[in-house]
$ cat final.txt   # compact mmCIF, C-alpha atoms
# COMPACT_ATOMS: atom_id res chain seq x y z
CA MET A 206 27.17 71.44 39.01
CA CYS A 207 30.76 70.37 38.38
CA ILE A 208 32.33 67.27 39.87
CA ARG A 209 34.00 69.30 42.59
CA ASP A 210 30.71 70.87 43.69
CA ARG A 211 29.04 67.50 43.68
CA TYR A 212 31.79 66.14 45.92
CA GLN A 213 31.46 69.10 48.29
CA ARG A 214 27.75 68.61 48.43
CA ARG A 215 28.01 64.93 49.21
CA VAL A 216 30.66 65.39 51.85
CA HIS A 217 29.47 68.55 53.56
CA GLY A 218 25.86 68.86 52.54
CA ILE A 219 23.99 71.51 50.63
CA ASN A 220 24.68 74.24 53.18
CA LYS A 221 28.37 74.08 52.62
CA LEU A 222 27.82 74.15 48.89
CA GLN A 223 25.74 77.28 49.25
CA GLU A 224 28.49 78.87 51.28
CA LEU A 225 31.04 77.91 48.66
CA MET A 226 28.82 79.45 46.05
CA GLY A 227 29.18 82.71 47.86
CA PHE A 228 25.96 82.96 49.82
CA LYS A 229 26.64 84.52 53.18
CA ARG A 230 23.24 85.44 54.53
CA PHE A 231 20.93 82.56 55.23
CA VAL A 232 17.44 82.24 56.56
CA GLN A 233 18.17 80.38 59.79
CA ALA A 234 17.37 80.44 63.47
CA GLY A 235 19.20 83.39 64.96
CA ARG A 236 19.50 85.45 61.78
CA VAL A 237 18.86 89.13 62.35
CA ALA A 238 16.56 90.56 59.74
CA TYR A 239 15.09 93.89 58.85
CA ILE A 240 11.35 94.10 58.27
CA ASN A 241 10.61 95.73 54.94
CA TYR A 242 6.86 95.83 54.88
CA GLY A 243 3.82 95.83 57.05
CA VAL A 244 3.03 97.17 60.50
CA ASP A 245 6.53 96.69 61.85
CA HIS A 246 8.40 97.94 58.81
CA GLY A 247 11.65 99.64 59.65
CA LYS A 248 12.26 97.42 62.65
CA VAL A 249 14.83 94.74 63.22
CA CYS A 250 13.94 91.25 64.39
CA VAL A 251 15.47 87.84 64.92
CA ILE A 252 14.36 84.74 63.04
CA VAL A 253 13.41 82.27 65.72
CA GLU A 254 12.26 79.38 63.59
CA VAL A 255 11.83 78.58 59.93
CA ILE A 256 8.30 77.39 59.24
CA ASN A 257 8.62 76.67 55.55
CA SER A 258 10.24 78.12 52.47
CA THR A 259 8.01 81.20 52.59
CA ARG A 260 7.38 81.91 56.26
CA VAL A 261 9.33 82.26 59.47
CA LEU A 262 8.58 82.78 63.12
CA VAL A 263 10.16 86.02 64.16
CA ASP A 264 10.70 87.83 67.45
CA GLY A 265 12.24 91.09 68.63
CA PRO A 266 11.83 91.52 72.40
CA THR A 267 13.68 94.77 73.00
CA LEU A 268 13.43 95.77 69.36
CA GLY A 269 9.71 96.44 69.38
CA VAL A 270 8.65 93.46 67.32
CA PRO A 271 6.11 91.07 68.83
CA ARG A 272 6.56 87.37 68.29
CA GLN A 273 4.83 86.61 65.02
CA VAL A 274 4.77 84.67 61.82
CA ILE A 275 6.06 86.75 58.94
CA SER A 276 6.56 86.15 55.28
CA LEU A 277 10.14 86.00 54.00
CA ARG A 278 9.07 88.43 51.31
CA ARG A 279 8.82 91.04 54.01
CA LEU A 280 12.30 90.47 55.36
CA ALA A 281 15.75 91.64 54.39
CA LEU A 282 18.52 89.55 55.94
CA THR A 283 21.44 91.22 57.66
CA ASP A 284 24.95 89.98 58.36
CA HIS A 285 24.28 89.54 62.05
CA LEU A 286 23.65 86.07 63.38
CA LEU A 287 22.89 85.16 66.96
CA LYS A 288 23.70 81.77 68.38
CA VAL A 289 20.22 80.68 69.18
CA ALA A 290 18.43 77.35 69.29
CA LYS A 291 15.36 77.12 67.08
CA GLY A 292 12.11 78.01 68.78
CA ILE A 293 13.78 79.99 71.54
CA HIS A 294 11.43 81.70 73.98
CA THR A 295 11.06 85.45 74.05
CA LYS A 296 12.66 85.87 77.47
CA SER A 297 15.74 83.85 76.58
CA LEU A 298 16.05 85.74 73.32
CA GLU A 299 15.80 89.03 75.16
CA ALA A 300 18.67 87.97 77.40
CA ILE A 301 20.79 87.05 74.39
CA ILE A 302 20.02 90.32 72.61
CA LYS A 303 21.09 92.23 75.69
CA LYS A 304 24.20 90.13 76.14
CA GLU A 305 25.27 90.49 72.52
CA ASP A 306 24.34 94.18 72.59
CA LEU A 307 22.58 93.72 69.28
CA VAL A 308 21.06 97.18 69.21
CA LYS A 309 24.50 98.74 69.43
CA LYS A 310 25.97 96.42 66.81
CA ILE A 311 23.20 97.19 64.38
CA GLY A 312 23.63 100.91 64.98
CA GLU A 313 27.31 100.60 64.16
CA SER A 314 26.77 98.81 60.87
CA SER A 315 27.24 100.84 57.72
CA TRP A 316 23.72 100.40 56.41
CA ALA A 317 22.22 101.55 59.69
CA LYS A 318 24.36 104.66 59.43
CA LYS A 319 23.27 105.16 55.82
CA LEU A 320 19.66 104.84 56.89
CA ALA A 321 20.17 107.45 59.57
CA ALA A 322 21.89 109.77 57.10
CA GLN A 323 19.12 109.35 54.56
CA LYS A 324 16.51 109.99 57.20
CA ARG A 325 18.37 113.12 58.28
CA ARG A 326 18.59 114.29 54.70
CA ALA A 327 14.84 113.85 54.28
CA GLU A 328 14.22 115.86 57.42
CA LEU A 329 16.30 118.87 56.35
CA ASN A 330 14.51 122.16 56.21
CA ASP A 331 15.01 124.69 53.45
CA PHE A 332 17.77 126.60 55.16
CA GLU A 333 19.67 123.42 55.94
CA ARG A 334 19.41 122.34 52.34
CA PHE A 335 20.88 125.66 51.34
CA GLN A 336 23.72 125.10 53.78
CA VAL A 337 24.31 121.66 52.31
CA MET A 338 24.48 123.14 48.84
CA MET A 339 27.05 125.70 50.01
CA LEU A 340 29.18 123.07 51.68
CA LYS A 341 29.02 120.79 48.66
CA ARG A 342 30.31 123.64 46.56
CA GLN A 343 33.14 124.34 48.96
CA LYS A 344 34.12 120.69 49.12
CA ALA A 345 33.95 120.31 45.35
CA TYR A 346 36.15 123.37 44.95
CA LEU A 347 38.78 122.01 47.29
CA VAL A 348 38.68 118.54 45.77
CA ASN A 349 38.91 119.82 42.22
CA LYS A 350 41.74 122.10 43.15
CA ASP A 351 43.77 119.22 44.48
CA VAL A 352 42.84 116.97 41.60
CA ALA A 353 44.04 119.60 39.17
CA GLN A 354 47.21 120.01 41.15
CA ALA A 355 47.87 116.27 41.27
CA SER A 356 47.21 115.73 37.59
CA SER A 357 49.36 118.58 36.41
CA LYS A 358 52.74 117.29 35.17
CA LYS A 359 54.69 120.17 36.57
CA SER A 360 53.80 119.58 40.23
CA LYS A 361 56.21 117.34 42.11
CA LYS A 362 54.56 117.74 45.50
CA PRO A 363 52.21 114.99 46.72
CA ALA A 364 48.48 115.81 46.58
CA LYS A 365 47.08 117.64 49.62
CA LYS A 366 44.11 116.19 51.43
CA PRO A 367 41.00 118.38 51.16
CA LYS A 368 40.09 120.31 54.30
CA SER A 369 37.39 118.61 56.30
CA GLY A 370 37.49 120.73 59.42
CA SER A 371 35.20 123.43 58.08
CA GLN A 372 32.15 121.17 57.93
CA PRO A 373 29.80 121.25 60.90
CA GLN A 374 29.28 118.00 62.79
CA LYS A 375 25.86 117.05 61.55
CA PHE A 376 26.77 116.88 57.88
CA HIS A 377 29.52 114.32 58.19
CA HIS A 378 27.47 111.55 56.71
CA ILE A 379 26.55 113.23 53.46
CA THR A 380 27.81 111.08 50.66
CA LEU A 381 28.66 112.91 47.51
CA MET B 193 -16.90 99.76 63.56
CA CYS B 194 -18.84 97.59 66.00
CA ILE B 195 -19.56 98.52 69.60
CA ARG B 196 -16.74 96.37 70.85
CA ASP B 197 -14.22 98.07 68.60
CA ARG B 198 -15.51 101.48 69.61
CA TYR B 199 -14.98 100.58 73.24
CA GLN B 200 -11.49 99.30 72.53
CA ARG B 201 -10.70 102.46 70.68
CA ARG B 202 -11.81 104.64 73.55
CA VAL B 203 -9.94 102.64 76.11
CA HIS B 204 -6.75 101.92 74.24
CA GLY B 205 -6.55 104.66 71.66
CA ILE B 206 -6.54 104.63 67.89
CA GLN B 207 -3.02 103.30 67.38
CA TRP B 208 -3.78 100.24 69.42
CA CYS B 209 -6.87 99.60 67.35
CA GLN B 210 -5.00 100.06 64.10
CA ARG B 211 -2.31 97.78 65.39
CA ARG B 212 -4.80 95.22 66.43
CA SER B 213 -6.59 95.21 63.12
CA MET B 214 -3.30 95.05 61.27
CA GLY B 215 -2.02 92.57 63.79
CA LYS B 216 -4.79 90.24 62.75
CA GLU B 217 -3.54 90.63 59.22
CA SER B 218 0.02 90.11 60.23
CA LYS B 219 -0.74 86.90 62.02
CA SER B 220 -1.57 85.23 58.76
CA GLN B 221 0.49 87.24 56.39
CA PHE B 222 -1.06 85.89 53.26
CA SER B 223 -4.43 86.24 51.70
CA LEU B 224 -5.05 82.64 52.75
CA LYS B 225 -8.57 81.51 53.24
CA LYS B 226 -9.14 82.47 56.86
CA VAL B 227 -10.52 79.37 58.44
CA LYS B 228 -11.85 79.29 61.98
CA GLN B 229 -12.46 76.46 64.31
CA TYR B 230 -15.97 75.97 65.70
CA ILE B 231 -17.55 73.51 68.02
CA LEU B 232 -21.20 72.90 67.30
CA VAL B 233 -23.54 71.08 69.57
CA GLY B 234 -26.89 69.89 68.29
CA ARG B 235 -29.50 67.22 68.48
CA ALA B 236 -32.72 66.08 66.93
CA LYS B 237 -35.83 67.81 68.17
CA PRO B 238 -37.45 65.88 70.98
CA VAL B 239 -40.52 63.99 69.76
CA VAL B 240 -43.28 62.73 71.99
CA LYS B 241 -43.93 59.08 71.23
CA ALA B 242 -46.74 57.27 72.96
CA GLY B 243 -46.78 59.58 75.90
CA LYS B 244 -43.05 59.26 76.55
CA GLN B 245 -40.66 62.05 75.75
CA GLU B 246 -37.38 60.60 74.62
CA GLU B 247 -34.41 62.78 75.12
CA PRO B 248 -32.53 62.67 71.82
CA LYS B 249 -28.80 62.20 71.80
CA VAL B 250 -26.72 65.33 71.77
CA TYR B 251 -23.87 65.47 69.29
CA ARG B 252 -20.86 67.67 69.31
CA MET B 253 -18.87 68.38 66.20
CA ARG B 254 -15.68 70.21 65.45
CA VAL B 255 -15.94 72.16 62.22
CA PHE B 256 -13.49 74.28 60.27
CA ALA B 257 -15.19 77.10 58.41
CA PRO B 258 -14.61 80.78 57.62
CA ASN B 259 -17.73 81.87 59.50
CA THR B 260 -20.63 80.63 61.58
CA VAL B 261 -23.05 80.42 58.68
CA ILE B 262 -20.91 77.94 56.79
CA ALA B 263 -20.07 76.14 60.02
CA LYS B 264 -23.74 75.53 60.72
CA SER B 265 -24.32 74.42 57.19
CA LYS B 266 -21.47 71.92 57.41
CA PHE B 267 -22.75 70.70 60.72
CA TRP B 268 -26.19 69.90 59.38
CA THR B 269 -24.82 68.32 56.21
CA LEU B 270 -22.81 65.86 58.26
CA MET B 271 -25.61 65.28 60.75
CA ARG B 272 -27.89 64.42 57.89
CA LYS B 273 -25.40 62.06 56.31
CA GLN B 274 -24.21 60.36 59.47
CA LYS B 275 -27.03 60.59 61.98
CA LYS B 276 -30.07 61.06 59.74
CA ILE B 277 -30.97 64.27 61.51
CA LYS B 278 -32.08 67.05 59.24
CA HIS B 279 -31.85 70.75 59.92
CA THR B 280 -35.63 70.94 60.02
CA GLY B 281 -35.90 68.06 62.43
CA GLY B 282 -33.06 69.13 64.64
CA GLU B 283 -31.91 71.99 66.81
CA LEU B 284 -28.56 73.60 67.26
CA ILE B 285 -27.86 73.95 70.94
CA ALA B 286 -24.58 75.83 70.88
CA ILE B 287 -21.91 77.12 68.61
CA HIS B 288 -18.56 78.22 69.99
CA GLU B 289 -15.56 79.52 68.16
CA ILE B 290 -12.30 78.09 69.43
CA ILE B 291 -9.59 80.69 69.41
CA GLU B 292 -6.12 79.37 69.96
CA ASN B 293 -3.50 81.31 71.80
CA PRO B 294 -1.37 83.53 69.58
CA SER B 295 1.59 82.00 67.84
CA LYS B 296 4.50 81.06 70.03
CA THR B 297 5.74 77.72 68.77
CA VAL B 298 5.73 76.07 65.41
CA ARG B 299 4.11 72.67 65.26
CA VAL B 300 3.49 70.06 62.61
CA TYR B 301 -0.18 69.43 61.99
CA GLY B 302 -1.32 66.23 60.37
CA ILE B 303 -4.64 66.36 58.58
CA VAL B 304 -6.56 63.36 57.31
CA LEU B 305 -9.10 64.38 54.76
CA ARG B 306 -11.49 62.97 52.24
CA TYR B 307 -12.12 64.86 49.06
CA GLN B 308 -14.04 64.45 45.89
CA SER B 309 -12.12 64.56 42.68
CA ARG B 310 -13.66 64.59 39.23
CA THR B 311 -13.59 60.81 39.13
CA GLY B 312 -14.18 59.68 42.67
CA TYR B 313 -13.45 60.06 46.37
CA HIS B 314 -9.99 59.89 47.84
CA ASN B 315 -8.49 59.88 51.28
CA MET B 316 -5.41 61.87 52.01
CA TYR B 317 -3.02 62.52 54.80
CA LYS B 318 -1.24 65.86 54.71
CA GLU B 319 1.23 67.55 56.98
CA TYR B 320 1.73 71.26 57.46
CA ARG B 321 4.00 73.33 59.61
CA ASP B 322 2.23 76.16 61.34
CA THR B 323 1.69 77.84 64.68
CA ASN B 324 -1.99 77.00 64.95
CA ILE B 325 -4.48 74.53 63.54
CA CYS B 326 -6.46 77.13 61.63
CA GLY B 327 -3.33 78.28 59.83
CA ALA B 328 -2.56 74.69 58.92
CA MET B 329 -6.14 74.27 57.68
CA SER B 330 -5.85 77.34 55.51
CA GLN B 331 -2.64 75.97 54.07
CA MET B 332 -4.37 72.68 53.41
CA TYR B 333 -7.21 74.29 51.48
CA MET B 334 -4.81 76.28 49.37
CA ASP B 335 -2.66 73.22 48.80
CA MET B 336 -5.61 71.05 47.77
CA ALA B 337 -6.90 73.73 45.45
CA GLY B 338 -3.52 74.12 43.85
CA ARG B 339 -2.50 70.53 43.55
CA HIS B 340 -5.79 68.75 43.05
CA ARG B 341 -8.25 71.44 41.99
CA ALA B 342 -10.31 70.44 45.01
CA ARG B 343 -12.50 73.25 46.27
CA GLU B 344 -13.42 73.79 49.85
CA GLU B 345 -16.89 72.32 49.41
CA THR B 346 -15.56 68.95 48.28
CA ILE B 347 -13.16 68.50 51.17
CA HIS B 348 -14.19 66.77 54.37
CA ILE B 349 -11.83 66.77 57.27
CA VAL B 350 -11.65 63.43 58.96
CA ARG B 351 -9.06 64.02 61.63
CA THR B 352 -6.47 66.52 62.70
CA CYS B 353 -3.59 66.09 65.10
CA VAL B 354 -0.35 67.60 66.22
CA VAL B 355 2.40 65.34 64.95
CA PRO B 356 5.41 64.83 67.20
CA GLU B 357 8.78 65.12 65.51
CA LYS B 358 9.48 61.41 65.45
CA LEU B 359 6.26 60.55 63.68
CA ILE B 360 6.52 63.04 60.84
CA LYS B 361 5.97 61.32 57.53
CA ARG B 362 6.60 63.87 54.83
CA ALA B 363 10.15 64.62 53.80
CA GLU B 364 9.58 68.35 53.29
CA THR B 365 8.05 68.81 56.73
CA LYS B 366 10.87 66.80 58.24
CA SER B 367 13.52 68.90 56.55
CA PHE B 368 12.07 72.12 57.94
CA THR B 369 11.70 70.67 61.40
CA ASN B 370 15.43 70.17 61.52
CA GLY B 371 16.96 72.87 63.68
CA ASN B 372 19.87 73.42 61.30
CA VAL B 373 17.80 74.28 58.28
CA LYS B 374 19.19 77.24 56.40
CA PHE B 375 18.87 78.62 52.91
CA PRO B 376 19.68 81.86 51.14
CA LEU B 377 17.05 84.15 49.71
CA LEU B 378 17.26 84.32 45.96
CA ASN B 379 15.60 86.40 43.28
CA ARG B 380 14.59 89.19 45.58
CA ILE B 381 12.24 91.70 44.11
CA SER B 382 12.14 94.84 46.17
CA ARG B 383 8.82 96.43 46.82
CA PRO B 384 7.85 99.67 48.50
CA PRO B 385 7.31 99.47 52.26
CA ILE B 386 4.02 101.23 51.95
CA LYS B 387 1.39 100.54 49.32
CA LYS B 388 1.19 104.26 48.66
CA PHE B 389 4.61 104.20 47.01
CA LYS B 390 3.68 101.47 44.60
CA ALA B 391 4.26 102.66 41.05
CA PHE B 392 2.04 101.65 38.18
CA ALA B 393 4.84 101.67 35.64
CA ARG B 394 8.61 101.75 35.89
CA ALA B 395 11.31 102.61 33.42
CA LYS B 396 13.68 99.86 34.56
CA ARG B 397 13.36 96.15 35.20
CA PRO B 398 13.81 95.20 38.84
CA THR B 399 17.22 94.14 40.14
CA LEU B 400 16.90 90.74 41.73
CA PHE B 401 20.07 90.68 43.77
CA LEU B 402 19.70 93.75 45.98
CA GLN B 403 17.63 93.85 49.10
CA GLN B 404 15.87 97.15 49.47
CA ILE B 405 15.87 98.01 53.09
CA ASN B 406 14.03 101.25 53.36
CA THR B 407 11.74 103.74 51.72
CA PHE B 408 14.40 106.15 50.61
CA GLN B 409 16.55 103.53 48.96
CA TYR B 410 13.52 102.21 47.19
CA ILE B 411 12.38 105.54 45.86
CA CYS B 412 15.89 106.49 44.79
CA SER B 413 16.47 103.30 42.90
CA HIS B 414 13.13 103.33 41.19
CA LYS B 415 13.11 106.97 40.28
CA GLN B 416 11.69 107.37 36.87
CA LYS B 417 14.22 109.37 34.96
CA LEU B 418 12.59 108.67 31.65
CA SER B 419 9.37 110.41 30.83
CA LEU B 420 6.68 108.20 29.48
CA ILE B 421 6.08 109.29 25.92
CA HIS B 422 2.61 108.90 24.63
CA ILE B 423 2.72 106.85 21.48
CA SER B 424 -0.11 107.49 19.13
CA GLU B 425 0.55 104.29 17.24
CA PRO B 426 -1.58 101.36 18.25
CA THR B 427 0.36 98.70 20.13
CA ARG B 428 -1.80 95.80 19.12
CA PRO B 429 -2.66 94.69 15.60
CA GLU B 430 -6.00 96.27 14.84
CA ARG B 431 -8.49 95.43 12.23
CA ILE B 432 -7.88 96.96 8.88
CA SER B 433 -11.54 97.93 8.52
CA TYR B 434 -11.13 101.00 10.69
CA ALA B 435 -8.53 102.40 8.33
CA VAL B 436 -10.64 101.58 5.34
CA PHE B 437 -13.51 103.68 6.64
CA CYS B 438 -11.26 106.69 6.57
CA LEU B 439 -10.70 106.32 2.86
CA LYS B 440 -13.12 107.89 0.54
CA LYS B 441 -14.62 105.75 -2.10
CA LYS B 442 -13.76 106.82 -5.59
CA LYS B 443 -16.78 107.64 -7.59
CA THR B 444 -16.89 105.56 -10.71
CA GLN B 445 -18.38 107.24 -13.66
$ encode --input "final.txt" --output "C-alpha cells"
Amino acid sequence: MCIRDRYQRRVHGINKLQELMGFKRFVQAGRVAYINYGVDHGKVCVIVEVINSTRVLVDGPTLGVPRQVISLRRLALTDHLLKVAKGIHTKSLEAIIKKEDLVKKIGESSWAKKLAAQKRRAELNDFERFQVMMLKRQKAYLVNKDVAQASSKKSKKPAKKPKSGSQPQKFHHITL
Amino acid sequence: MCIRDRYQRRVHGIQWCQRRSMGKESKSQFSLKKVKQYILVGRAKPVVKAGKQEEPKVYRMRVFAPNTVIAKSKFWTLMRKQKKIKHTGGELIAIHEIIENPSKTVRVYGIVLRYQSRTGYHNMYKEYRDTNICGAMSQMYMDMAGRHRAREETIHIVRTCVVPEKLIKRAETKSFTNGNVKFPLLNRISRPPIKKFKAFARAKRPTLFLQQINTFQYICSHKQKLSLIHISEPTRPERISYAVFCLKKKKTQ
C-alpha cells in the first residue's frame, strides 16, 4: 500500500480504500444478489444482514426467496443496492422492493436480458435453429458487403448501415 | 421415507417435500456438524430405605448433541460426575428436542466452554454470530476442532447466552455487528449451479474475477475444446525393476 492509500485508509476507512481500488459491488445490507446454487438458484434476493465473512442472511419477499441464511459462495452480487437498514423485516423489505420496482429494474439490466436471450436460444426447436442459421447468413452477407465497400479505396460514399428490418422480432437479442 | 414424510408428501405434494428436505439443508448451508438442543430430565431410581420411600431429586439438563443417543450419553456422564447418579441407578424421565423458530434475526451467541487439550483442561469464552443457538454451537465445534484440535467428546459446554451488542467482547464479532459492514467478494471460483454439470477435468484454469451467473454461461465458458489425449507414458517415476523384467537375460556361454 502506498503512502496515499494509507492516508485514504486512515482518513476514510477501509471501505473508501476498497472503492478507490475499483471495487464497486460489496457484500452489504441492501445489496441485490443472484443465487447461483442450491434450491433457489436462478432467483434474485436481497442481502439483509452480513453474518460473517462467509454467510449472509438473505430475503426476497416478492422474488420467491424465503428468508434464509446462505453462503456467499452461492451468491453473485449485482449492481443494484437498496437503501435498507441491516436486519430489516420481510414486510418492510417487500414494501421497499415494490417501491423501488426492483423486479422491473433487474429485468432491464443487460445481464438479465442476456440470460433471457440465452434461455430462449436453449429453447429453440430445430426449425427455429434453421431460421437462425438463415438469418445469420443474411446478416453476415450484408455486413461483409458494407465492410468491403467501406474498406475499398475507390469508394467515397460513407458506409451504409446493414438492414435490420428483415429480422423477425424474437431474434433481436441474438449476439453474433 | 417415514410415515410422517409420506403423509406430508400426500398432503403437500412432492415439490413441497423436496423443498422441505432441501430447505433443511439450506438452513445450514455447510456440512457443519448438525447439533441439536435437547432437554433431558432424569433422576436416581427411588430406593426404599427403612420402610420410607424417598423421592429422589429430579434434574433437568440442557444438552447439545447431534442425536438423542449421544444426548442421553452426555446426560448420564454429567449426572455421574456431578450428582453421583449412574445410568444403572437412575432413570430418564423425559427427553425433548428444542427446535427454535426458523432464522429471522442474526444474534451474537456467547459460549463458555471447558475442553481438554493434550496437556490439561482449559476454559474458554467464544462468540459466534448466527441465527440460532444450534448453528452457533456447530460453528463452535468446527472452530475448536480447527484451532485447538479439540474434538466434540472433549468439549463441555458450561453456559450459553445471547450477547447484547454492547457487551460483545470479540473484535471480529463486533465488526460484523456493525450495520455498515461491507466488503467485496474476491477470488471467485465459479461452479455449476447443479451438481450434475460438475466436470471431472477441465482444459482451462478457472478465472477468478468473473461471477458466473447461470448455467449457460458456465457451460459455455468451461466448454472443453481440447480433447484429452491418452498418454501412454507413466506420469509418476516408476520403479526400474518393471522395465528390467522385460529385458531378456543374455545367456553366457
$ closest_atom_pairs --input "final.txt" --of "chain B" --to "chain A" --cutoff "6 Å" --atoms "all atoms listed in the file" --output "JSON lines"
{"residue": "B:Lys219", "atom": "CA", "partner": "A:Val274", "partner_atom": "CA", "distance": 5.9}
{"residue": "B:Arg321", "atom": "CA", "partner": "A:Ile256", "partner_atom": "CA", "distance": 5.9}
{"residue": "B:Gly371", "atom": "CA", "partner": "A:Lys291", "partner_atom": "CA", "distance": 5.7}
{"residue": "B:Lys374", "atom": "CA", "partner": "A:Gln233", "partner_atom": "CA", "distance": 4.7}
{"residue": "B:Phe375", "atom": "CA", "partner": "A:Phe231", "partner_atom": "CA", "distance": 5.0}
{"residue": "B:Pro376", "atom": "CA", "partner": "A:Phe231", "partner_atom": "CA", "distance": 4.3}
{"residue": "B:Pro385", "atom": "CA", "partner": "A:Tyr242", "partner_atom": "CA", "distance": 4.5}
$ atom_distance --input "final.txt" --atom1 "atom CA of B:Gln308" --atom2 "atom CA of B:Gly338"
14.4 Å
$ atom_distance --input "final.txt" --atom1 "atom CA of B:Arg343" --atom2 "atom CA of B:Thr260"
18.8 Å
$ atom_distance --input "final.txt" --atom1 "atom CA of B:Asp322" --atom2 "atom CA of B:His288"
22.6 Å
$ residues_near_point --input "final.txt" --point "(-19.5, 76.3, 55.3)" --cutoff "12 Å" --atoms "only C-alpha atoms" --output "PyMOL selection string"
chain B and resi 227-230+255-270+343-348
$ residues_near_point --input "final.txt" --point "(-4.0, 66.2, 62.9)" --cutoff "12 Å" --atoms "only C-alpha atoms" --output "MDAnalysis selection string"
chainID B and resid 299:305 316:322 324:326 328:329 332 349:356 359:360
